[in-house]
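Next up, target.txt (compact mmCIF, C-alpha atoms):
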# COMPACT_ATOMS: atom_id res chain seq x y z
CA MET A 85 -4.03 36.08 35.02
CA ARG A 86 -1.34 30.60 34.61
CA THR A 87 2.25 24.38 36.52
CA THR A 88 -0.59 24.56 33.93
CA LYS A 89 0.04 21.90 31.35
CA ARG A 90 -2.68 23.06 29.06
CA PHE A 91 -1.30 26.49 28.37
CA THR A 92 1.61 25.47 26.18
CA ARG A 93 -0.68 26.60 23.39
CA ILE A 94 -0.41 30.25 24.31
CA LEU A 95 0.48 32.08 21.15
CA ALA A 96 3.11 34.70 20.50
CA VAL A 97 1.77 37.98 19.20
CA GLY A 98 2.87 37.27 15.66
CA ALA A 99 1.19 33.90 15.60
CA ALA A 100 -1.91 35.38 17.13
CA VAL A 101 -2.19 37.98 14.42
CA THR A 102 -1.86 35.24 11.82
CA ALA A 103 -4.60 33.27 13.53
CA LEU A 104 -6.92 36.25 13.35
CA VAL A 105 -6.83 36.16 9.58
CA GLY A 106 -8.58 32.82 9.69
CA LEU A 107 -11.36 34.04 11.92
CA THR A 108 -13.13 35.94 9.19
CA ALA A 109 -14.28 32.72 7.59
CA ALA A 110 -15.64 31.49 10.90
CA CYS A 111 -17.62 34.70 11.40
CA GLY A 112 -18.57 35.37 7.81
CA GLY A 113 -22.08 34.74 6.58
CA ARG A 114 -23.72 35.22 9.95
CA GLU A 115 -27.21 36.54 9.60
CA SER A 116 -28.49 39.14 12.03
CA GLN A 117 -31.64 37.58 13.46
CA SER A 118 -33.85 38.30 16.42
CA GLY A 119 -35.66 36.03 18.85
CA ASN A 120 -34.11 33.29 20.90
CA SER A 121 -35.18 30.43 18.62
CA GLN A 122 -33.92 32.29 15.56
CA GLU A 123 -30.72 33.60 17.11
CA ALA A 124 -27.50 33.15 15.14
CA LYS A 125 -25.99 29.83 16.19
CA SER A 126 -22.32 30.28 15.27
CA ILE A 127 -20.12 32.34 17.57
CA THR A 128 -16.39 33.04 17.89
CA ILE A 129 -15.13 33.67 21.42
CA GLY A 130 -11.63 35.07 21.83
CA TYR A 131 -9.82 34.33 25.06
CA ILE A 132 -6.43 34.94 26.65
CA GLY A 133 -4.33 32.51 28.70
CA TRP A 134 -5.58 33.82 32.04
CA ASP A 135 -7.28 31.23 34.20
CA GLU A 136 -10.52 33.09 34.80
CA ASP A 137 -10.91 33.60 31.06
CA ILE A 138 -10.03 30.01 30.19
CA ALA A 139 -12.49 28.77 32.82
CA LEU A 140 -15.39 31.01 31.82
CA THR A 141 -14.82 30.48 28.09
CA ASN A 142 -14.93 26.71 28.57
CA LEU A 143 -18.12 27.07 30.59
CA TYR A 144 -19.74 29.22 27.89
CA GLN A 145 -18.60 26.77 25.21
CA THR A 146 -19.97 23.64 26.90
CA VAL A 147 -23.29 25.27 27.79
CA LEU A 148 -23.79 26.91 24.39
CA GLU A 149 -22.87 23.75 22.47
CA SER A 150 -25.41 21.83 24.54
CA LYS A 151 -27.97 24.34 23.27
CA GLY A 152 -27.08 23.91 19.60
CA TYR A 153 -24.47 26.62 19.10
CA LYS A 154 -21.31 26.12 17.08
CA VAL A 155 -18.60 27.72 19.23
CA ASN A 156 -15.19 28.62 17.85
CA ALA A 157 -12.95 29.41 20.85
CA GLN A 158 -9.70 31.12 19.81
CA LEU A 159 -6.73 31.49 22.19
CA LEU A 160 -5.01 34.81 21.39
CA ASP A 161 -3.19 37.65 23.08
CA ALA A 162 -5.22 40.60 24.36
CA GLY A 163 -4.19 43.01 21.60
CA PRO A 164 -5.25 40.76 18.71
CA ILE A 165 -8.52 39.96 20.46
CA TYR A 166 -9.48 43.64 20.71
CA ALA A 167 -8.40 44.18 17.11
CA GLY A 168 -10.46 41.15 16.08
CA LEU A 169 -13.51 42.46 17.93
CA ALA A 170 -13.13 45.82 16.21
CA LYS A 171 -12.94 44.13 12.80
CA GLY A 172 -15.85 41.81 13.56
CA ASP A 173 -13.66 38.70 13.35
CA VAL A 174 -14.22 37.93 17.06
CA ASP A 175 -17.75 38.06 18.46
CA LEU A 176 -17.21 37.90 22.21
CA TYR A 177 -14.47 38.37 24.80
CA LEU A 178 -15.15 37.59 28.46
CA ASP A 179 -12.06 39.01 30.20
CA SER A 180 -11.85 42.75 29.62
CA TRP A 181 -10.15 44.29 32.67
CA LEU A 182 -11.22 47.90 33.13
CA PRO A 183 -10.50 50.68 33.80
CA THR A 184 -6.74 50.05 34.02
CA THR A 185 -5.32 46.81 32.65
CA HIS A 186 -6.87 46.98 29.18
CA LYS A 187 -7.21 50.76 29.06
CA LYS A 188 -5.03 51.21 25.98
CA TYR A 189 -7.11 48.70 24.02
CA TRP A 190 -10.40 50.12 25.23
CA ASP A 191 -9.31 53.66 24.38
CA GLN A 192 -8.30 52.55 20.89
CA TYR A 193 -11.28 50.37 20.00
CA HIS A 194 -14.24 51.21 22.26
CA ASP A 195 -16.23 52.89 19.47
CA GLN A 196 -16.31 49.52 17.66
CA LEU A 197 -17.21 47.46 20.73
CA GLU A 198 -20.20 46.80 22.98
CA ASP A 199 -19.76 46.63 26.75
CA LEU A 200 -21.94 43.70 27.82
CA GLY A 201 -21.55 44.18 31.56
CA VAL A 202 -19.45 43.29 34.59
CA TRP A 203 -19.33 39.71 35.85
CA TYR A 204 -16.59 40.13 38.50
CA ASP A 205 -15.87 43.34 40.40
CA GLN A 206 -13.02 42.50 42.80
CA ALA A 207 -10.15 42.13 40.34
CA THR A 208 -6.69 43.42 41.26
CA LEU A 209 -3.21 43.35 39.76
CA ASN A 210 -0.40 42.41 42.12
CA LEU A 211 3.27 41.69 42.56
CA ALA A 212 3.51 38.64 44.81
CA VAL A 213 6.16 36.61 46.63
CA PRO A 214 6.02 33.31 48.54
CA ASP A 215 5.21 33.93 52.19
CA TYR A 216 8.58 32.53 53.31
CA VAL A 217 10.35 35.51 51.70
CA GLN A 218 11.53 37.68 54.56
CA ASP A 219 11.89 41.47 54.78
CA VAL A 220 9.89 42.09 51.60
CA SER A 221 6.34 43.22 52.22
CA SER A 222 6.12 46.20 49.87
CA ILE A 223 7.13 46.97 46.30
CA ALA A 224 9.33 49.63 47.87
CA ASP A 225 11.43 46.88 49.48
CA LEU A 226 12.43 45.35 46.16
CA LYS A 227 15.26 47.78 45.42
CA ALA A 228 17.21 46.91 48.56
CA LYS A 229 16.51 43.21 48.09
CA ALA A 230 17.02 43.08 44.32
CA GLY A 231 19.96 40.68 44.64
CA ASP A 232 17.76 38.09 46.35
CA PHE A 233 15.61 37.94 43.19
CA ASP A 234 18.51 38.11 40.69
CA GLY A 235 17.34 41.64 39.94
CA LYS A 236 14.21 40.51 38.15
CA ILE A 237 10.46 40.33 38.39
CA THR A 238 9.18 37.22 36.63
CA GLY A 239 6.40 38.41 34.36
CA ILE A 240 3.94 37.20 31.76
CA GLU A 241 3.17 38.07 28.12
CA ALA A 242 4.66 41.26 26.74
CA SER A 243 1.25 42.30 25.39
CA ALA A 244 -0.52 41.94 28.75
CA GLY A 245 -1.87 45.11 30.33
CA GLU A 246 -0.18 44.24 33.63
CA THR A 247 3.16 44.04 31.84
CA ASP A 248 2.68 47.56 30.53
CA ILE A 249 1.77 48.87 34.00
CA VAL A 250 4.77 47.27 35.71
CA GLN A 251 7.15 48.39 32.99
CA LYS A 252 5.95 51.97 32.67
CA ASP A 253 4.59 52.81 36.11
CA VAL A 254 5.82 50.49 38.84
CA LEU A 255 9.53 50.48 37.97
CA SER A 256 9.68 54.25 37.62
CA GLN A 257 7.49 55.22 40.58
CA TYR A 258 9.46 52.99 42.94
CA SER A 259 12.86 53.96 41.41
CA LEU A 260 13.55 50.37 40.46
CA ASP A 261 15.03 51.14 37.04
CA GLY A 262 18.59 49.87 36.93
CA ALA A 263 18.08 47.67 39.99
CA VAL A 264 15.19 45.48 38.89
CA THR A 265 14.02 44.46 35.43
CA LEU A 266 10.77 42.88 34.30
CA GLN A 267 11.42 39.56 32.59
CA ASN A 268 8.59 38.96 30.12
CA SER A 269 7.72 35.39 29.26
CA SER A 270 4.28 33.77 29.32
CA THR A 271 1.73 33.03 32.00
CA THR A 272 2.66 29.36 31.74
CA ALA A 273 6.37 30.08 32.17
CA MET A 274 5.73 32.44 35.08
CA LEU A 275 3.68 29.83 36.94
CA ALA A 276 6.28 27.14 36.24
CA ALA A 277 8.98 29.44 37.62
CA LEU A 278 6.84 30.16 40.69
CA ASP A 279 6.22 26.47 41.28
CA GLY A 280 9.91 25.63 40.88
CA ALA A 281 11.03 28.40 43.22
CA ILE A 282 8.55 27.36 45.90
CA LYS A 283 9.60 23.70 45.70
CA ALA A 284 13.22 24.83 46.13
CA LYS A 285 12.18 27.43 48.71
CA GLU A 286 13.95 30.14 46.74
CA PRO A 287 12.89 33.80 46.59
CA ILE A 288 10.90 34.94 43.58
CA VAL A 289 8.65 37.88 42.77
CA VAL A 290 6.01 37.45 40.07
CA THR A 291 3.25 39.39 38.40
CA LEU A 292 -0.10 37.99 39.53
CA TRP A 293 -3.71 39.01 39.80
CA HIS A 294 -6.92 38.29 41.66
CA PRO A 295 -8.80 36.10 40.88
CA HIS A 296 -6.23 33.31 40.43
CA TRP A 297 -6.01 29.72 41.64
CA ALA A 298 -2.34 30.19 42.62
CA TYR A 299 -3.48 31.89 45.82
CA SER A 300 -5.28 28.75 46.95
CA ARG A 301 -2.50 26.39 45.88
CA TYR A 302 0.44 28.30 47.35
CA GLN A 303 1.06 30.43 50.41
CA LEU A 304 1.65 33.82 48.77
CA LYS A 305 1.66 37.41 49.89
CA ASP A 306 0.85 40.41 47.73
CA LEU A 307 3.36 43.22 48.04
CA GLN A 308 1.88 46.43 49.36
CA ASP A 309 1.65 49.21 46.82
CA PRO A 310 1.62 52.49 48.80
CA LYS A 311 2.03 54.58 45.65
CA GLY A 312 -0.90 52.90 43.92
CA ALA A 313 1.23 52.20 40.85
CA MET A 314 -0.56 48.92 40.11
CA GLY A 315 -3.89 50.68 39.96
CA LYS A 316 -7.01 50.31 42.04
CA GLY A 317 -9.41 47.39 42.05
CA GLU A 318 -10.87 46.62 38.65
CA GLN A 319 -13.92 45.07 37.09
CA ILE A 320 -13.95 42.25 34.55
CA HIS A 321 -16.32 42.97 31.67
CA SER A 322 -17.71 40.91 28.84
CA VAL A 323 -17.23 42.73 25.53
CA GLY A 324 -18.83 42.08 22.16
CA ARG A 325 -18.16 43.31 18.68
CA LYS A 326 -20.36 46.08 17.34
CA GLY A 327 -23.77 44.64 16.53
CA PHE A 328 -23.41 41.77 19.01
CA SER A 329 -26.55 42.63 20.96
CA GLU A 330 -28.58 42.65 17.74
CA ASP A 331 -27.20 39.33 16.50
CA PHE A 332 -27.17 37.62 19.91
CA PRO A 333 -29.94 39.12 22.06
CA ALA A 334 -30.24 36.15 24.41
CA LEU A 335 -26.48 35.92 24.98
CA THR A 336 -26.40 39.65 25.57
CA GLU A 337 -28.87 39.20 28.42
CA VAL A 338 -26.77 36.35 29.82
CA SER A 339 -23.66 38.52 29.80
CA LYS A 340 -25.44 41.46 31.40
CA LYS A 341 -26.80 39.48 34.34
CA LEU A 342 -23.97 36.97 34.91
CA LYS A 343 -22.10 37.40 38.22
CA MET A 344 -19.54 35.01 39.68
CA SER A 345 -18.54 34.83 43.33
CA ASP A 346 -15.00 34.03 44.43
CA GLU A 347 -16.22 30.61 45.56
CA ASP A 348 -17.87 29.73 42.23
CA LEU A 349 -15.06 31.14 40.11
CA GLY A 350 -12.38 29.50 42.26
CA SER A 351 -14.00 26.08 42.03
CA LEU A 352 -14.48 26.42 38.26
CA GLU A 353 -10.86 27.52 37.73
CA ASP A 354 -9.61 24.66 39.90
CA ALA A 355 -11.66 22.09 37.97
CA ILE A 356 -10.38 23.38 34.62
CA GLN A 357 -6.78 23.66 35.79
CA LYS A 358 -6.70 20.09 37.10
CA ALA A 359 -8.10 18.60 33.90
CA GLN A 360 -5.87 16.68 31.54
CA LYS A 361 -4.76 18.50 28.41
CA GLY A 362 -7.60 18.51 25.92
CA LYS A 363 -10.17 17.68 28.61
CA GLU A 364 -10.89 21.22 29.78
CA LYS A 365 -14.33 21.30 28.21
CA ASP A 366 -15.19 17.98 29.87
CA ALA A 367 -14.16 19.47 33.21
CA ALA A 368 -16.36 22.50 32.54
CA LYS A 369 -19.29 20.22 31.73
CA GLN A 370 -18.77 18.27 34.94
CA TRP A 371 -18.64 21.54 36.90
CA ALA A 372 -21.81 22.73 35.16
CA ASP A 373 -23.57 19.47 36.07
CA GLN A 374 -22.50 19.90 39.69
CA HIS A 375 -23.67 23.54 39.72
CA LYS A 376 -26.85 23.07 37.73
CA GLN A 377 -28.86 25.66 39.64
CA PHE A 378 -26.26 28.37 38.97
CA VAL A 379 -25.86 27.43 35.29
CA ASP A 380 -29.60 27.16 34.62
CA ALA A 381 -30.17 30.60 36.13
CA ALA A 382 -27.17 32.19 34.40
CA PHE A 383 -27.99 30.88 30.92
CA ALA A 384 -31.77 31.07 31.13
CA GLY A 385 -33.35 32.11 27.84
CA VAL A 386 -30.54 30.88 25.59
Exercise: express the given structure as structure tokens:
Amino acid sequence: MRTTKRFTRILAVGAAVTALVGLTAACGGRESQSGNSQEAKSITIGYIGWDEDIALTNLYQTVLESKGYKVNAQLLDAGPIYAGLAKGDVDLYLDSWLPTTHKKYWDQYHDQLEDLGVWYDQATLNLAVPDYVQDVSSIADLKAKAGDFDGKITGIEASAGETDIVQKDVLSQYSLDGAVTLQNSSTTAMLAALDGAIKAKEPIVVTLWHPHWAYSRYQLKDLQDPKGAMGKGEQIHSVGRKGFSEDFPALTEVSKKLKMSDEDLGSLEDAIQKAQKGKEKDAAKQWADQHKQFVDAAFAGV
């Protein structure tokens, strides 16, 4: 999990599936080679409209292109990305939330995927409200206060794992069915609604997650989840298609050793988010130049 002017490109599921058809050409003809100097130089990275994924994908793209790779970054929904990985149409995905958020995709496709390691291990899913909202500190409080929020939780993409969890687990476990509904939209629309509500100082409850730049921009509070319906803390994995480690041995090592702190990830997200539309990669390059020691160590051997 994204007023983010650049994310108007986020695709509906149908459009995303259509886009996947075109990926085969981008991935076709790749030779499986070994050795860093001989490593395949064309790679397709699938990414979703969540800020940590957008930020890290742009960082990978700018660094890899500086090293001679041809990078095809494709913005898709989570479901089509996992399907594309399983088919071999997508090579790499950097934002696999496990064990909960993307469980259904992992369960369906894991035999055709390679887990390339964890790069962030403090990820959580949350329902959040602005800190000026009174008398709501827990998800359990939402039923009594449903009228304050027009009976809705402002959500994100229908295909998102968090959407599934809120719809199937949170609403039922907290007896919110009939009192509160989840309004699916997009990450962009959710963040725009959050920004508008805060400017008007109106109550709103949204689906959010850590890490996310919204927590540094706004004064927010996560609603307590005494039933654990949102799941425990998660890890963010990099995932490759089957055969990725053979075709991209150096990148496999990068993915296995890469770790990002909250400070590094937050500053990268902020730099990308503030960039003008179409300038995200430039912002990632500027960040990489400013964090040369981190980048050189993380991408050593590529």
Closest atom pairs, residues of stretch 176-262 of chain A within 10 Å of stretch 316-335 of chain A, only C-alpha atoms, as CSV:
residue,atom,partner,partner_atom,distance
A:Leu176,CA,A:Gly324,CA,4.5
A:Tyr177,CA,A:Val323,CA,5.2
A:Leu178,CA,A:Ser322,CA,4.2
A:Asp179,CA,A:Ile320,CA,5.7
A:Ser180,CA,A:His321,CA,4.9
A:Trp181,CA,A:Ile320,CA,4.7
A:Leu182,CA,A:Gln319,CA,5.6
A:Pro183,CA,A:Glu318,CA,6.3
A:Thr184,CA,A:Glu318,CA,7.1
A:Thr185,CA,A:Glu318,CA,8.2
A:Tyr193,CA,A:Arg325,CA,9.9
A:His194,CA,A:Lys326,CA,9.4
A:Asp195,CA,A:Lys326,CA,8.2
A:Gln196,CA,A:Lys326,CA,5.3
A:Leu197,CA,A:Arg325,CA,4.7
A:Glu198,CA,A:Gly324,CA,5.0
A:Asp199,CA,A:Val323,CA,4.8
A:Leu200,CA,A:Ser322,CA,5.2
A:Gly201,CA,A:His321,CA,5.4
A:Val202,CA,A:His321,CA,4.3
A:Trp203,CA,A:Ile320,CA,6.1
A:Tyr204,CA,A:Ile320,CA,5.2
A:Asp205,CA,A:Gln319,CA,4.2
A:Gln206,CA,A:Gly317,CA,6.1
A:Ala207,CA,A:Glu318,CA,4.9
A:Thr208,CA,A:Gly317,CA,4.9
A:Leu209,CA,A:Gly317,CA,7.7
Take the residues that were just selected and, keeping C-alpha atoms, output them as an mmCIF file, in the coordinates of the input.
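Dumped everything to out-v6.cif:
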data_model
loop_
_atom_site.group_PDB
_atom_site.id
_atom_site.type_symbol
_atom_site.label_atom_id
_atom_site.label_comp_id
_atom_site.auth_asym_id
_atom_site.auth_seq_id
_atom_site.Cartn_x
_atom_site.Cartn_y
_atom_site.Cartn_z
ATOM 1 C CA LEU A 176 -17.210 37.900 22.210
ATOM 2 C CA TYR A 177 -14.470 38.370 24.800
ATOM 3 C CA LEU A 178 -15.150 37.590 28.460
ATOM 4 C CA ASP A 179 -12.060 39.010 30.200
ATOM 5 C CA SER A 180 -11.850 42.750 29.620
ATOM 6 C CA TRP A 181 -10.150 44.290 32.670
ATOM 7 C CA LEU A 182 -11.220 47.900 33.130
ATOM 8 C CA PRO A 183 -10.500 50.680 33.800
ATOM 9 C CA THR A 184 -6.740 50.050 34.020
ATOM 10 C CA THR A 185 -5.320 46.810 32.650
ATOM 11 C CA TYR A 193 -11.280 50.370 20.000
ATOM 12 C CA HIS A 194 -14.240 51.210 22.260
ATOM 13 C CA ASP A 195 -16.230 52.890 19.470
ATOM 14 C CA GLN A 196 -16.310 49.520 17.660
ATOM 15 C CA LEU A 197 -17.210 47.460 20.730
ATOM 16 C CA GLU A 198 -20.200 46.800 22.980
ATOM 17 C CA ASP A 199 -19.760 46.630 26.750
ATOM 18 C CA LEU A 200 -21.940 43.700 27.820
ATOM 19 C CA GLY A 201 -21.550 44.180 31.560
ATOM 20 C CA VAL A 202 -19.450 43.290 34.590
ATOM 21 C CA TRP A 203 -19.330 39.710 35.850
ATOM 22 C CA TYR A 204 -16.590 40.130 38.500
ATOM 23 C CA ASP A 205 -15.870 43.340 40.400
ATOM 24 C CA GLN A 206 -13.020 42.500 42.800
ATOM 25 C CA ALA A 207 -10.150 42.130 40.340
ATOM 26 C CA THR A 208 -6.690 43.420 41.260
ATOM 27 C CA LEU A 209 -3.210 43.350 39.760
#
*Of the candidates A:Asp175, A:Glu364, A:Leu292, A:Lys151, which one gets nearest to A:Lys305 if we count only C-alpha atoms?*
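Result for the nearest residue to A:Lys305: A:Leu292.
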*asked:* For A:Asp306, find every residue with an atom within 7 Å (counting only C-alpha atoms), except residues of its own chain fewer than 2 positions away, and show them as number ranges by chain.
replied: A: 210-213, 304, 308
*Give me the residues within 10 Å of A:Gly262 as a ChimeraX atom specification, counting only C-alpha atoms and dropping any in the same chain fewer than 6 places off.*
/A:227,235,255-256
*What is the atom CA of A:Asp380 to atom CA of A:Thr141 distance in Å?*
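Result for atom CA of A:Asp380 versus atom CA of A:Thr141: 16.5 Å, one decimal.
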_Please report the interatomic distance between atom CA of A:Pro295 and atom CA of A:Ile282 in Å with one decimal._
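Taking atom CA of A:Pro295 and atom CA of A:Ile282, their separation equals 20.1 Å.
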*Using only C-alpha atoms, give me every residue within 12 Å of (6.0, 48.6, 35.7) in file coordinates, as a PyMOL selection string.*
chain A and resi 185+209-211+223+236-239+242+244-261+264-268+290-291+309+312-315
Test item: axis-aligned box, all listed atoms of stretch 231-248 of chain A, 6 Å on each side, centre and edges in Å rounded to one decimal, as JSON:
{"center_x": 9.0, "center_y": 42.4, "center_z": 35.9, "size_x": 33.8, "size_y": 22.4, "size_z": 33.0}
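Each of A:Leu226, A:Ala359, A:Ala276, A:Ala382 was compared to A:Leu307 using all atoms listed in the file, and A:Leu226 turns out to be the nearest.
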_Top pick for closest residue to A:Asp354, considering A:Trp297, A:Ala381, A:Ser243, A:Lys369 and counting all atoms listed in the file_ = A:Trp297
_Measuring between all atoms listed in the file, which one of A:His375, A:His296, A:Lys311, A:Lys341 shows the shortest distance to A:Gly133?_
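Residue with the minimum atom-to-atom distance to A:Gly133: A:His296.
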*Please measure the separation of atom CA of A:Glu337 and atom CA of A:Tyr144, giving the value in Å to one decimal.*
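Separation of atom CA of A:Glu337 and atom CA of A:Tyr144: 13.5 Å.
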*For A:Ile129, which residue out of A:Met274, A:Ala157, A:Leu148, A:Ala368 is the nearest one, using all atoms listed in the file?*
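Distance minimum relative to A:Ile129 lands on A:Ala157.
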*Between A:Ala263, A:Ile132, A:Lys188, A:Asn142, which has the minimum distance to A:Ala162 (counting all atoms listed in the file)?*
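Of all the options, A:Ile132 lies closest to A:Ala162.
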